[in-house]
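Some notes on the structure that comes next.
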Amino acid sequence: MGQQPILTVNNLNIDVSTPYGVTRTVRDVSFKIEAGKVFGLVGESGSGKTMTCMSLLNLLPDEAKVVKGSIQFRNKDILNYSEEDMRKVRGSEIATIMQNPMTAFNPVRTIGRHFIETLRTHLPITKHQAREMAVAYLEKMDLPYPKNLLKQYPFQLSGGMLQRVMIAITMSLNPSILIADEPTTALDATNQLQILKQLNWLRKEYDTGILLVSHDLGVIAQLADEVAVMYGGYIVEKAPVFKLFNRPMHPYTRVLLESRIGLTRRKTKIVKHISVPPPNLINRENTCPFLERCEDADHTCSSYNLELKEYEKDHLVRCLKSR
Amino acid sequence: MGWFIVKRLTSLIPILFGISLITFILLHLTPGDPAIAYLRASHIPPTDEAVAALRVELGLDKPLYAQYVEWLGKAVQLDLGMSYLSKKSVWDEIMLHFFPTVQLTFASCILIVVISLPIGMISAIFKGKLVDQLSRIIAFVSVSMPAFWFGFLLIYFLSVKLDLFPVLGRGTFAHLVLPSLTLSFAYIGTYTRLLRASMLENLNEPFVMYARARGLRGRLIVSRHVLKKSLLPVLTGLGMSFGNMLSGVVIVETVFAWPGMGQLFVTSILNRDYPMIQGCLLFMGVIFVVCNLLVDIAYSFLDPRIRWEGEK
Amino acid sequence: MKNVKRKLLSHKLMMISSMIIFIMTLLALFPPFLAPNDPNLIDITHKLQGSSSKFPLGTDHLGRCILSRLIYGTRTSLGTAFLVMGLTMMISIPLGIYAGFRGGWVDYLFMRMCDILMAFPSLLLSLALIGILGPGLGNLILAMVLVHWVFYARVIRGMVLSVKEQNFILAAKVCGTPRLVIVIKHILPAIISQVVVLVFMDIGGVVLAISSFSFLGFGIQPPGAEWGMMINDSKPFFRNAPSLMLYPGMMILIVVVAFNLFGEALRDALDLRRE
């Protein structure tokens with residue numbers, strides 16, 4: 001620690017307009033990503049993880065908008081970047097690995113075209129040089145017959161291979177930040193492990209800071225240095241990975257951890273969690289998003305101002321009842 | 001790949017057979033005796049002896065299946081009989097009129113591509129904006145417009161009033177403009193909207209998001225990623241329309257006095273020139289089917305997904 | 001917000017198109033009360049006149065009242081179009097449902113027949129049929145029905161196939177419901193709205209096709225009034241009297257646009273309900 005963070009997100013708020021009204025999908029989100037470190041973001045679908053990722057690339061969909069906060073990349077707010085400046089940052093400085101590798105590639109274009117067009121967008125090189133670079137990086141990812149691979153179409157490869165191609169494309173431009181949005185969700189167990197190993201290698205070898213988004217705590221536990229748990233648009237708990245797993249403080253984090261081992265152990269409180277529908281975020285007042293589902297909630301909770309408090313060093317929780 | 005073509009070619013055989021059968025049967029649905037019709041068309045009084053003699057001459061006294069086999073055997077050798085009207089070989093007449101029609105259809109195809117592509121692209125990119133609304137209205141009018149009326153409007157305003165183009169007939173390049181514009185007008189609307197819809201669909205695909213996340217330039221994403229994939233359904237449709245347009249020429253050729261297949265067909269119907277009707281129908285049916293086959297094969301070349309399926 | 005606006009817009013289009021269709025239907029139903037003159041009254045002394053109080057839109061080359069002929073033409077055009085569509089559906093719906101529901105060799109045979117019939121461009125096949133049957137309104141209707149039923153029957157078969165595998169049909173089958181009852185009580189209601197949309201989306205095209213045939217001289221025979229034929233009649237005179245050709249063409253365009261708009265609005269409305 002103590003390093004200068006590469007990317008700092010401060011007090012980020014994102015509104016999404018839907019046919020039914022405006023939803024604040026991301027509320028008061030702050031975190032830092034340091035070189036060579038992995039920051040994990042956990043939460044269920046709709047908790048605002050993907051919107052947060054998109055905003056880091058300035059690629060929010062039309063109906064979504066950052067209404068408050070800043071995203072500092074190397075001490076400059078990228079929200080103020082022009083579209084052209086931001087385009088130059090994407091891929092070369094802040095890179096992404098997409099959730100589903102099977103749909104991330106254009107089915108009518110070969111792997112080689114994808115790879116080469118990316119390199120040539122950011123580097124002043126010829127097609128031939130780009131092809132040689134691509135081969136070299138595919139080899140680094142242990143992909144067999146890289147020259148042949150470049151001629152193949154995305155649908156001819158497996159999901160795991162495509163995911164590794166994506167990592168190879170990312171690596172070749174040596175970005176300082178990598179956003180990996182559910183990088184393993186669409187893969188089977190063997191491929192998952194391999195991808196995680198390669199991500200780990202990537203941050204050690206290239207000192208890349210990684211934002212790892214997942215709903216799978218196992219993935220987070222293996223790779224992350226620091227973890228934030230999101231619920232209803234808020235970061236409800238943020239801590240170094242060991243502290244979070246050893247001593248979860250927010251009731252939601254506890255439910256999340258228990259649900260993992262709940263199958264083999266005693267019956268837990270997750271029953272209540274499931275029986276209550278997830279919170280409706282449209283036009284919601286500033287009350288705790290977990291209120292309806294929480295076991296520990298009482299009358300004091302409804303007037304709680306949702307402040308993120310530091311209960312012990314580096315361990316922040318957004319709950320009145322945290323113990 | 002080769003296997004795919006062979007498969008498609010084999011599937012063609014029963015269809016071609018069916019076409020020939022229908023064309024043959026149609027003629028035998030004729031109310032009245034073809035021999036009498038022949039004599040009438042030749043201005044010979046249909047006496048009993050003349051009819052009987054002609055029936056033997058035309059082979060009409062034989063059983064139906066024998067007539068079919070004989071007719072098909074000749075048709076395969078491009079002998080489609082003799083026109084009642086001009087007394088010339090049907091095949092020669094068709095060949096004489098086919099080229100002008102192909103010329104007209106090709107010109108229309110080019111017009112469709114040249115006009116629909118940019119409009120469709122622009123309306124997809126500026127979805128919901130004024131340009132898009134305008135193109136929607138144009139598309140609506142274009143598919144609702146009676147072609148023969150549109151043709152007259154063009155003649156009246158551009159040829160008669162402004163004297164920009166020749167009114168009728170075939171000859172110079174200028175003669176080609178109005179007929180091909182008329183023929184392509186309805187398709188322009190269709191393809192503008194088709195390309196727009198296809199592009200909008202593809203713009204929302206994850207691969208576009210990934211391309212943007214890799215920092216590719218917007219123009220490159222539209223031209224190399226979105227347009228390429230969106231053009232596939234448009235090209236298939238266009239190939240199919242080529243066959244349809246070959247029949248759409250009937251109207252356009254009548255309006256512009258264009259000496260093509262359409263005119264030949266209409267004239268033969270008006271004069272009850274049965275061998276000519278039969279020949280034209282058979283010929284156009286075969287051309288239509290072959291066009292669709294070529295489109296299928298071309299599509300499999302263009303779309304790597306289908307190419308791969310074929311190889312498997 | 002955008003969504004609401006779009007809904008309103010399509011609603012507005014729906015209103016306008018329904019209005020036009022309503023007016024056209026009135027014209028088609030009661031021409032004797034609405035037309036100012038006898039549409040077939042020939043009076044050479046009044047030929048090719050401009051508009052006057054007696055002839056609001058002028059007269060044609062035989063001195064007939066254009067407005068009256070347009071109004072009577074509505075009956076021919078719309079009546080023929082609906083007759084063609086109705087007869088086509090009377091063939092297509094039962095056959096399409098039978099092929100789709102029965103499956104097996106019946107379906108196979110049906111599909112092969114479709115392949116062959118649809119191998120001809122439909123306009124050409126209709127024309128050839130008219131050529132063999134002879135021109136005339138009755139033969140025109142017959143030719144169009146004979147050619148078009150294939151297409152619709154195939155589409156309806158497709159609809160039936162997608163409904164057939166759904167659980168409520170399987171449940172009815174398991175309960176031992178007789179086939180005919182399943183078809184009438186379950187399958188027909190499930191596809192009927194799609195069929196109605198299909199009919200209204202295509203009726204504009206049928207109007208166009210009928211006027212095209214009349215234009216070529218294969219539809220209604222003189223002295224009957226029909227828009228396509230009126231344009232054909234005006235051919236020799238259109239340099240000097242363009243209005244002769246302008247009015248009937250406008251009528252066709254308006255009717256076809258109205259039907260197409262109506263069909264599209266109807267489709268959107270039914271799609272929304274499904275969501």
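Chain identifiers are assigned as A, B, and so on, following the order in which chains appear in the structure tokens; residues are numbered from 1 within each chain, and ligands are numbered from 1 in order of appearance.
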Spatial neighbours of Leu253 of chain C, max dist 9 Å, only C-alpha atoms, sep filter under 2 positions, as a PyMOL selection string | (chain B and resi 141+144-146) or (chain C and resi 208+248-251+255-258)
Contacts of His114 of chain A within 9 Å, only C-alpha atoms, excl. fewer than 4 positions in-chain, as an MDAnalysis selection string | (chainID A and resid 105:106 109:110 118:119 150 169) or (chainID B and resid 211)
Using only C-alpha atoms, find each residue in segment 135-241 of chain B having at least one atom no more than 10 Å away from segment 53-71 of chain A; report its shortest atom-to-atom pair and that distance in Å (one decimal), rows by chain then rising number, as a Markdown table.
| residue | atom | partner | partner_atom | distance |
| --- | --- | --- | --- | --- |
| B:Met209 | CA | A:Leu59 | CA | 8.2 |
| B:Arg212 | CA | A:Leu59 | CA | 8.0 |
| B:Ala213 | CA | A:Leu57 | CA | 7.0 |
| B:Arg214 | CA | A:Leu57 | CA | 9.9 |
| B:Gly215 | CA | A:Leu57 | CA | 9.6 |
Save out the residues we just selected, N, CA and C atoms, as a PDB file, in the first residue's frame.
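Saved to selection.pdb:
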ATOM      1  N   MET B 209     -19.959  -2.911 -28.477  1.00  0.00           N
ATOM      2  CA  MET B 209     -19.484  -2.399 -27.189  1.00  0.00           C
ATOM      3  C   MET B 209     -18.006  -2.737 -26.995  1.00  0.00           C
ATOM      4  N   ARG B 212     -15.842  -0.603 -29.146  1.00  0.00           N
ATOM      5  CA  ARG B 212     -15.685   0.738 -28.574  1.00  0.00           C
ATOM      6  C   ARG B 212     -14.755   0.699 -27.373  1.00  0.00           C
ATOM      7  N   ALA B 213     -14.882  -0.354 -26.576  1.00  0.00           N
ATOM      8  CA  ALA B 213     -14.035  -0.466 -25.394  1.00  0.00           C
ATOM      9  C   ALA B 213     -12.573  -0.654 -25.775  1.00  0.00           C
ATOM     10  N   ARG B 214     -12.327  -1.148 -27.006  1.00  0.00           N
ATOM     11  CA  ARG B 214     -10.945  -1.268 -27.462  1.00  0.00           C
ATOM     12  C   ARG B 214     -10.441   0.030 -28.070  1.00  0.00           C
ATOM     13  N   GLY B 215     -11.291   1.039 -28.069  1.00  0.00           N
ATOM     14  CA  GLY B 215     -10.853   2.349 -28.531  1.00  0.00           C
ATOM     15  C   GLY B 215     -10.895   2.543 -30.025  1.00  0.00           C
TER      16      GLY B 215
END
Find the residues in chain B near chain C: any atom within 9 Å counts, using only C-alpha atoms. Write them as JSON, numbers by chain.
-> {"B": [14, 15, 16, 17, 18, 19, 22, 26, 27, 29, 30, 31, 140, 141, 143, 144, 145, 146, 147, 148, 149, 150, 152, 153, 156, 160, 243, 244, 245, 246, 247, 248, 250, 251, 254, 265, 266, 268, 269, 270, 271, 272, 273, 274, 277, 278, 281, 282, 284, 285, 286, 288, 289]}
Show which residues sit within 12 Å of Cys301 of chain A, as a list in words. Count only C-alpha atoms, and ignore same-chain residues fewer than 5 positions away.
-> Asn286, Thr287, Cys288, Pro289, Phe290, Leu291, Glu292, Cys294, Glu295, Asp296, Leu306, Glu307, Arg318, Cys319, Leu320, Lys321 and Ser322 of chain A
Can you write just those residues out, N, CA and C atoms, as a CSV table (one decimal), in the first residue's frame?
chain,number,residue,atom,x,y,z
A,286,ASN,N,-33.7,8.1,0.4
A,286,ASN,CA,-32.4,7.7,0.9
A,286,ASN,C,-32.5,6.8,2.1
A,287,THR,N,-33.1,5.6,2.0
A,287,THR,CA,-33.1,4.7,3.1
A,287,THR,C,-32.2,3.5,2.7
A,288,CYS,N,-31.9,2.7,3.7
A,288,CYS,CA,-31.0,1.6,3.5
A,288,CYS,C,-31.6,0.7,2.5
A,289,PRO,N,-31.0,0.3,1.4
A,289,PRO,CA,-31.6,-0.5,0.4
A,289,PRO,C,-31.9,-1.9,0.8
A,290,PHE,N,-31.2,-2.3,1.9
A,290,PHE,CA,-31.3,-3.7,2.4
A,290,PHE,C,-32.4,-3.8,3.5
A,291,LEU,N,-33.1,-2.7,3.8
A,291,LEU,CA,-34.0,-2.6,4.9
A,291,LEU,C,-35.0,-3.7,4.9
A,292,GLU,N,-35.7,-4.0,3.8
A,292,GLU,CA,-36.8,-4.9,3.8
A,292,GLU,C,-36.3,-6.4,4.0
A,294,CYS,N,-33.5,-7.3,5.6
A,294,CYS,CA,-32.5,-7.4,6.7
A,294,CYS,C,-33.1,-8.1,7.9
A,295,GLU,N,-32.3,-9.0,8.5
A,295,GLU,CA,-32.7,-9.7,9.7
A,295,GLU,C,-32.6,-8.7,11.0
A,296,ASP,N,-31.6,-7.9,10.9
A,296,ASP,CA,-31.2,-7.1,12.0
A,296,ASP,C,-31.9,-5.8,12.1
A,306,LEU,N,-27.1,6.5,6.2
A,306,LEU,CA,-26.3,5.7,5.2
A,306,LEU,C,-24.9,6.2,5.0
A,307,GLU,N,-24.3,6.6,6.1
A,307,GLU,CA,-22.9,7.0,6.1
A,307,GLU,C,-22.0,5.8,6.0
A,318,ARG,N,-21.5,0.4,5.6
A,318,ARG,CA,-22.6,1.3,5.6
A,318,ARG,C,-23.8,0.7,6.3
A,319,CYS,N,-23.7,0.6,7.6
A,319,CYS,CA,-24.8,0.0,8.3
A,319,CYS,C,-24.8,0.5,9.8
A,320,LEU,N,-25.9,0.7,10.3
A,320,LEU,CA,-26.1,1.1,11.7
A,320,LEU,C,-25.8,0.0,12.7
A,321,LYS,N,-26.1,-1.2,12.2
A,321,LYS,CA,-26.1,-2.4,13.1
A,321,LYS,C,-24.8,-3.2,13.0
A,322,SER,N,-23.8,-2.7,12.3
A,322,SER,CA,-22.7,-3.6,12.0
A,322,SER,C,-22.0,-3.9,13.3
In segment 33-262 of chain A, DSSP strand (DSSP E) residues written as a PyMOL selection string = chain A and resi 33+38-42+64-73+76-77+94-97+177-181+209-214+226-231+234-240
Take the selection from the previous step and output its residues with N, CA and C atoms, as a CSV table (one decimal), in the first residue's frame.
chain,number,residue,atom,x,y,z
A,33,ILE,N,-8.0,2.2,-7.4
A,33,ILE,CA,-7.3,1.0,-8.0
A,33,ILE,C,-5.8,1.4,-8.1
A,38,VAL,N,-5.5,-5.9,-7.3
A,38,VAL,CA,-6.8,-6.3,-7.8
A,38,VAL,C,-7.9,-5.8,-6.9
A,39,PHE,N,-8.8,-5.0,-7.4
A,39,PHE,CA,-9.9,-4.5,-6.6
A,39,PHE,C,-11.2,-5.3,-7.0
A,40,GLY,N,-11.8,-6.0,-6.1
A,40,GLY,CA,-12.9,-6.8,-6.4
A,40,GLY,C,-14.2,-6.1,-6.1
A,41,LEU,N,-15.2,-6.3,-7.0
A,41,LEU,CA,-16.5,-5.7,-6.8
A,41,LEU,C,-17.5,-6.8,-6.8
A,42,VAL,N,-18.3,-7.0,-5.7
A,42,VAL,CA,-19.2,-8.1,-5.6
A,42,VAL,C,-20.6,-7.5,-5.5
A,64,ALA,N,-28.3,6.4,-19.6
A,64,ALA,CA,-27.6,6.5,-18.3
A,64,ALA,C,-26.7,7.8,-18.3
A,65,LYS,N,-26.6,8.4,-17.1
A,65,LYS,CA,-25.8,9.6,-17.0
A,65,LYS,C,-25.1,9.7,-15.6
A,66,VAL,N,-23.9,10.1,-15.6
A,66,VAL,CA,-23.2,10.4,-14.3
A,66,VAL,C,-23.7,11.8,-13.9
A,67,VAL,N,-24.4,11.8,-12.7
A,67,VAL,CA,-24.9,13.1,-12.2
A,67,VAL,C,-24.1,13.7,-11.2
A,68,LYS,N,-23.2,12.9,-10.6
A,68,LYS,CA,-22.3,13.5,-9.5
A,68,LYS,C,-21.1,12.7,-9.4
A,69,GLY,N,-20.0,13.3,-9.0
A,69,GLY,CA,-18.8,12.5,-8.7
A,69,GLY,C,-17.7,12.7,-9.7
A,70,SER,N,-16.6,12.1,-9.5
A,70,SER,CA,-15.5,12.2,-10.5
A,70,SER,C,-14.8,10.9,-10.6
A,71,ILE,N,-14.1,10.7,-11.8
A,71,ILE,CA,-13.3,9.5,-12.0
A,71,ILE,C,-11.9,10.1,-12.4
A,72,GLN,N,-11.0,10.0,-11.4
A,72,GLN,CA,-9.6,10.5,-11.7
A,72,GLN,C,-8.8,9.4,-12.2
A,73,PHE,N,-8.3,9.6,-13.5
A,73,PHE,CA,-7.3,8.7,-14.0
A,73,PHE,C,-6.0,9.4,-14.2
A,76,LYS,N,-6.4,13.1,-13.6
A,76,LYS,CA,-7.2,13.9,-14.5
A,76,LYS,C,-8.6,13.3,-14.5
A,77,ASP,N,-9.6,14.1,-14.5
A,77,ASP,CA,-11.0,13.6,-14.4
A,77,ASP,C,-11.4,13.2,-15.9
A,94,ILE,N,-7.0,2.1,-20.4
A,94,ILE,CA,-8.0,1.4,-19.6
A,94,ILE,C,-8.6,0.3,-20.6
A,95,ALA,N,-8.3,-0.9,-20.3
A,95,ALA,CA,-8.8,-2.0,-21.2
A,95,ALA,C,-9.9,-2.8,-20.5
A,96,THR,N,-10.6,-3.5,-21.4
A,96,THR,CA,-11.7,-4.3,-20.8
A,96,THR,C,-11.7,-5.7,-21.3
A,97,ILE,N,-12.2,-6.6,-20.4
A,97,ILE,CA,-12.5,-8.0,-20.9
A,97,ILE,C,-14.0,-8.1,-20.7
A,177,ILE,N,-4.8,0.0,-16.5
A,177,ILE,CA,-6.0,-0.5,-15.7
A,177,ILE,C,-6.7,-1.6,-16.6
A,178,LEU,N,-7.2,-2.7,-16.0
A,178,LEU,CA,-8.0,-3.6,-16.8
A,178,LEU,C,-9.3,-3.8,-16.0
A,179,ILE,N,-10.4,-3.6,-16.8
A,179,ILE,CA,-11.7,-3.9,-16.2
A,179,ILE,C,-12.2,-5.2,-16.6
A,180,ALA,N,-12.3,-6.1,-15.7
A,180,ALA,CA,-12.8,-7.5,-16.0
A,180,ALA,C,-14.2,-7.7,-15.4
A,181,ASP,N,-15.2,-7.5,-16.3
A,181,ASP,CA,-16.6,-7.6,-15.8
A,181,ASP,C,-17.0,-9.1,-16.0
A,209,GLY,N,-3.3,-2.6,-12.9
A,209,GLY,CA,-4.3,-2.6,-11.8
A,209,GLY,C,-5.6,-3.2,-12.4
A,210,ILE,N,-6.2,-4.1,-11.6
A,210,ILE,CA,-7.4,-4.8,-12.2
A,210,ILE,C,-8.7,-4.5,-11.4
A,211,LEU,N,-9.7,-4.2,-12.1
A,211,LEU,CA,-11.0,-4.1,-11.4
A,211,LEU,C,-11.8,-5.4,-11.8
A,212,LEU,N,-11.9,-6.2,-10.8
A,212,LEU,CA,-12.5,-7.5,-11.0
A,212,LEU,C,-14.0,-7.5,-10.5
A,213,VAL,N,-14.9,-7.7,-11.4
A,213,VAL,CA,-16.3,-7.7,-11.1
A,213,VAL,C,-16.8,-9.1,-11.1
A,214,SER,N,-17.5,-9.5,-10.1
A,214,SER,CA,-18.1,-10.8,-10.1
A,214,SER,C,-19.2,-10.9,-9.1
A,226,GLU,N,-8.5,-6.1,-2.4
A,226,GLU,CA,-9.4,-5.4,-1.7
A,226,GLU,C,-10.8,-5.6,-2.3
A,227,VAL,N,-11.9,-5.7,-1.5
A,227,VAL,CA,-13.2,-6.0,-2.0
A,227,VAL,C,-14.2,-5.0,-1.6
A,228,ALA,N,-15.1,-4.6,-2.5
A,228,ALA,CA,-16.2,-3.8,-2.1
A,228,ALA,C,-17.5,-4.6,-2.5
A,229,VAL,N,-18.5,-4.6,-1.6
A,229,VAL,CA,-19.7,-5.3,-1.8
A,229,VAL,C,-20.8,-4.2,-2.2
A,230,MET,N,-21.4,-4.5,-3.3
A,230,MET,CA,-22.5,-3.5,-3.7
A,230,MET,C,-23.8,-4.1,-3.5
A,231,TYR,N,-24.7,-3.2,-3.1
A,231,TYR,CA,-26.1,-3.6,-3.0
A,231,TYR,C,-27.0,-2.3,-3.2
A,234,TYR,N,-25.3,1.0,-3.8
A,234,TYR,CA,-24.4,1.5,-2.8
A,234,TYR,C,-23.3,0.5,-2.6
A,235,ILE,N,-22.1,1.0,-2.3
A,235,ILE,CA,-21.1,0.1,-1.7
A,235,ILE,C,-21.4,0.0,-0.2
A,236,VAL,N,-21.9,-1.2,0.2
A,236,VAL,CA,-22.3,-1.4,1.6
A,236,VAL,C,-21.2,-1.8,2.5
A,237,GLU,N,-20.1,-2.4,1.9
A,237,GLU,CA,-19.0,-2.7,2.8
A,237,GLU,C,-17.7,-2.8,1.9
A,238,LYS,N,-16.6,-2.3,2.4
A,238,LYS,CA,-15.4,-2.3,1.7
A,238,LYS,C,-14.3,-2.6,2.6
A,239,ALA,N,-13.4,-3.6,2.2
A,239,ALA,CA,-12.3,-4.0,3.2
A,239,ALA,C,-11.3,-4.8,2.4
A,240,PRO,N,-10.1,-4.9,3.0
A,240,PRO,CA,-9.1,-5.9,2.4
A,240,PRO,C,-9.7,-7.3,2.4
What lies within 7 Å of Thr170 of chain A using only C-alpha atoms, ignoring chain neighbours under 3 positions off, as a PyMOL selection string?
-> chain A and resi 91+95+166-167+173-174
Mind dumping the selected residues with C-alpha atoms as an mmCIF file, in the first residue's frame?
data_model
loop_
_atom_site.group_PDB
_atom_site.id
_atom_site.type_symbol
_atom_site.label_atom_id
_atom_site.label_comp_id
_atom_site.auth_asym_id
_atom_site.auth_seq_id
_atom_site.Cartn_x
_atom_site.Cartn_y
_atom_site.Cartn_z
ATOM 1 C CA GLY A 91 -7.966 -0.141 -24.908
ATOM 2 C CA ALA A 95 -8.791 -1.961 -21.191
ATOM 3 C CA MET A 166 -9.313 -11.077 -25.310
ATOM 4 C CA ILE A 167 -6.704 -11.091 -22.589
ATOM 5 C CA LEU A 173 -1.252 -2.686 -25.448
ATOM 6 C CA ASN A 174 -0.004 -2.843 -21.870
#
Could you give me, as number ranges by chain, the residues within 8 Å of segment 222-227 of chain B, counting only C-alpha atoms and dropping anything in the same chain fewer than 4 positions from it?
-> A: 106, 109; B: 199, 202-203, 208, 218, 231
Identify every residue of chain A that has at least one atom within 10 Å of any atom of chain C, counting only C-alpha atoms, and report the result as a ChimeraX atom specification.
-> /A:17-21
Residue set, segment 62-95 of chain B restricted to helix (DSSP H, G or I), as number ranges by chain = B: 64-76, 90-95
Print the selection's residues with N, CA and C atoms to a file, as a compact mmCIF listing (two decimals), in the first residue's frame.
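Done, and the output landed in part_39.txt:
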# COMPACT_ATOMS: atom_id res chain seq x y z
N LEU B 64 -52.37 -37.14 -72.74
CA LEU B 64 -51.77 -35.98 -72.09
C LEU B 64 -50.31 -36.24 -71.67
N TYR B 65 -50.08 -37.44 -71.05
CA TYR B 65 -48.72 -37.66 -70.54
C TYR B 65 -47.72 -37.73 -71.69
N ALA B 66 -48.16 -38.31 -72.81
CA ALA B 66 -47.27 -38.39 -73.98
C ALA B 66 -46.95 -36.99 -74.48
N GLN B 67 -47.99 -36.14 -74.46
CA GLN B 67 -47.76 -34.74 -74.88
C GLN B 67 -46.75 -34.07 -73.97
N TYR B 68 -46.89 -34.34 -72.65
CA TYR B 68 -45.99 -33.72 -71.69
C TYR B 68 -44.55 -34.15 -71.92
N VAL B 69 -44.37 -35.48 -72.07
CA VAL B 69 -43.02 -36.00 -72.25
C VAL B 69 -42.39 -35.40 -73.51
N GLU B 70 -43.21 -35.36 -74.56
CA GLU B 70 -42.70 -34.82 -75.82
C GLU B 70 -42.33 -33.34 -75.66
N TRP B 71 -43.25 -32.62 -74.99
CA TRP B 71 -43.03 -31.17 -74.79
C TRP B 71 -41.78 -30.91 -73.95
N LEU B 72 -41.65 -31.70 -72.86
CA LEU B 72 -40.51 -31.52 -71.96
C LEU B 72 -39.20 -31.83 -72.69
N GLY B 73 -39.23 -32.94 -73.47
CA GLY B 73 -38.04 -33.32 -74.22
C GLY B 73 -37.59 -32.20 -75.15
N LYS B 74 -38.57 -31.56 -75.78
CA LYS B 74 -38.22 -30.45 -76.67
C LYS B 74 -37.74 -29.25 -75.88
N ALA B 75 -38.44 -29.00 -74.75
CA ALA B 75 -38.11 -27.82 -73.94
C ALA B 75 -36.67 -27.89 -73.46
N VAL B 76 -36.22 -29.11 -73.09
CA VAL B 76 -34.85 -29.27 -72.62
C VAL B 76 -33.87 -28.90 -73.72
N VAL B 90 -40.36 -19.64 -80.39
CA VAL B 90 -40.58 -18.98 -79.10
C VAL B 90 -39.24 -18.67 -78.44
N TRP B 91 -38.32 -19.64 -78.50
CA TRP B 91 -37.03 -19.45 -77.86
C TRP B 91 -36.29 -18.24 -78.43
N ASP B 92 -36.32 -18.12 -79.78
CA ASP B 92 -35.64 -16.99 -80.40
C ASP B 92 -36.25 -15.67 -79.96
N GLU B 93 -37.58 -15.64 -79.90
CA GLU B 93 -38.26 -14.42 -79.48
C GLU B 93 -37.87 -14.05 -78.05
N ILE B 94 -37.84 -15.07 -77.18
CA ILE B 94 -37.49 -14.82 -75.78
C ILE B 94 -36.07 -14.25 -75.70
N MET B 95 -35.17 -14.89 -76.43
CA MET B 95 -33.77 -14.44 -76.40
C MET B 95 -33.66 -12.99 -76.87
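Note that atom CA of Arg193 of chain B and atom CA of Arg136 of chain B are 7.4 Å apart.
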Hey, what's within 10 Å of Ala107 of chain B if we count only C-alpha atoms and toss same-chain stuff fewer than 4 positions away? As a JSON list (two decimals) with N, CA and C atoms, in the first residue's frame, please?
[["chain", "number", "residue", "atom", "x", "y", "z"],
["B", 101, "THR", "N", -34.53, -6.67, -70.85],
["B", 101, "THR", "CA", -35.07, -6.80, -69.50],
["B", 101, "THR", "C", -33.96, -6.93, -68.47],
["B", 102, "VAL", "N", -32.95, -7.73, -68.80],
["B", 102, "VAL", "CA", -31.83, -7.89, -67.87],
["B", 102, "VAL", "C", -31.14, -6.55, -67.67],
["B", 103, "GLN", "N", -31.00, -5.82, -68.76],
["B", 103, "GLN", "CA", -30.36, -4.50, -68.69],
["B", 103, "GLN", "C", -31.13, -3.59, -67.73],
["B", 111, "LEU", "N", -29.30, 1.16, -58.94],
["B", 111, "LEU", "CA", -29.97, 2.31, -58.33],
["B", 111, "LEU", "C", -30.36, 2.01, -56.88],
["B", 112, "ILE", "N", -30.89, 0.82, -56.67],
["B", 112, "ILE", "CA", -31.32, 0.45, -55.31],
["B", 112, "ILE", "C", -30.14, 0.54, -54.36],
["B", 176, "LEU", "N", -32.66, 4.74, -70.30],
["B", 176, "LEU", "CA", -32.67, 3.75, -69.23],
["B", 176, "LEU", "C", -33.08, 4.36, -67.89],
["B", 177, "VAL", "N", -32.87, 5.68, -67.75],
["B", 177, "VAL", "CA", -32.99, 6.30, -66.43],
["B", 177, "VAL", "C", -34.39, 6.16, -65.84],
["B", 179, "PRO", "N", -37.19, 4.35, -66.70],
["B", 179, "PRO", "CA", -37.71, 3.01, -66.41],
["B", 179, "PRO", "C", -37.05, 2.37, -65.20],
["B", 180, "SER", "N", -35.73, 2.48, -65.10],
["B", 180, "SER", "CA", -35.08, 1.80, -63.98],
["B", 180, "SER", "C", -35.42, 2.49, -62.66],
["B", 181, "LEU", "N", -35.61, 3.81, -62.70],
["B", 181, "LEU", "CA", -36.02, 4.51, -61.49],
["B", 181, "LEU", "C", -37.40, 4.03, -61.05],
["B", 183, "LEU", "N", -38.83, 1.16, -61.76],
["B", 183, "LEU", "CA", -38.76, -0.23, -61.32],
["B", 183, "LEU", "C", -38.16, -0.34, -59.92],
["B", 184, "SER", "N", -37.17, 0.49, -59.65],
["B", 184, "SER", "CA", -36.47, 0.33, -58.37],
["B", 184, "SER", "C", -37.16, 1.06, -57.23]]
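Excluding segment 39-55 of chain C itself and any same-chain residue fewer than 4 positions from it, the protein and nucleic acid residues within 7 Å of it, counting only C-alpha atoms, are Thr59, Asp60, His61, Leu62, Gly63, Arg64, Cys65, Ser68, Arg69 and Pro223 of chain C.
Pairwise distance (atom CA of Ala35 of chain A, atom CA of Lys204 of chain A) equals 9.5 Å.
Closest approach to Glu34 of chain A from the set A:Arg203, A:Arg120, A:His128, A:Lys88 is made by A:Arg203, with distances taken over only C-alpha atoms.
Distance check against chain B using only C-alpha atoms: of A:Ala297, A:Leu143, A:Ala130, A:Met171, the minimum falls on A:Met171.
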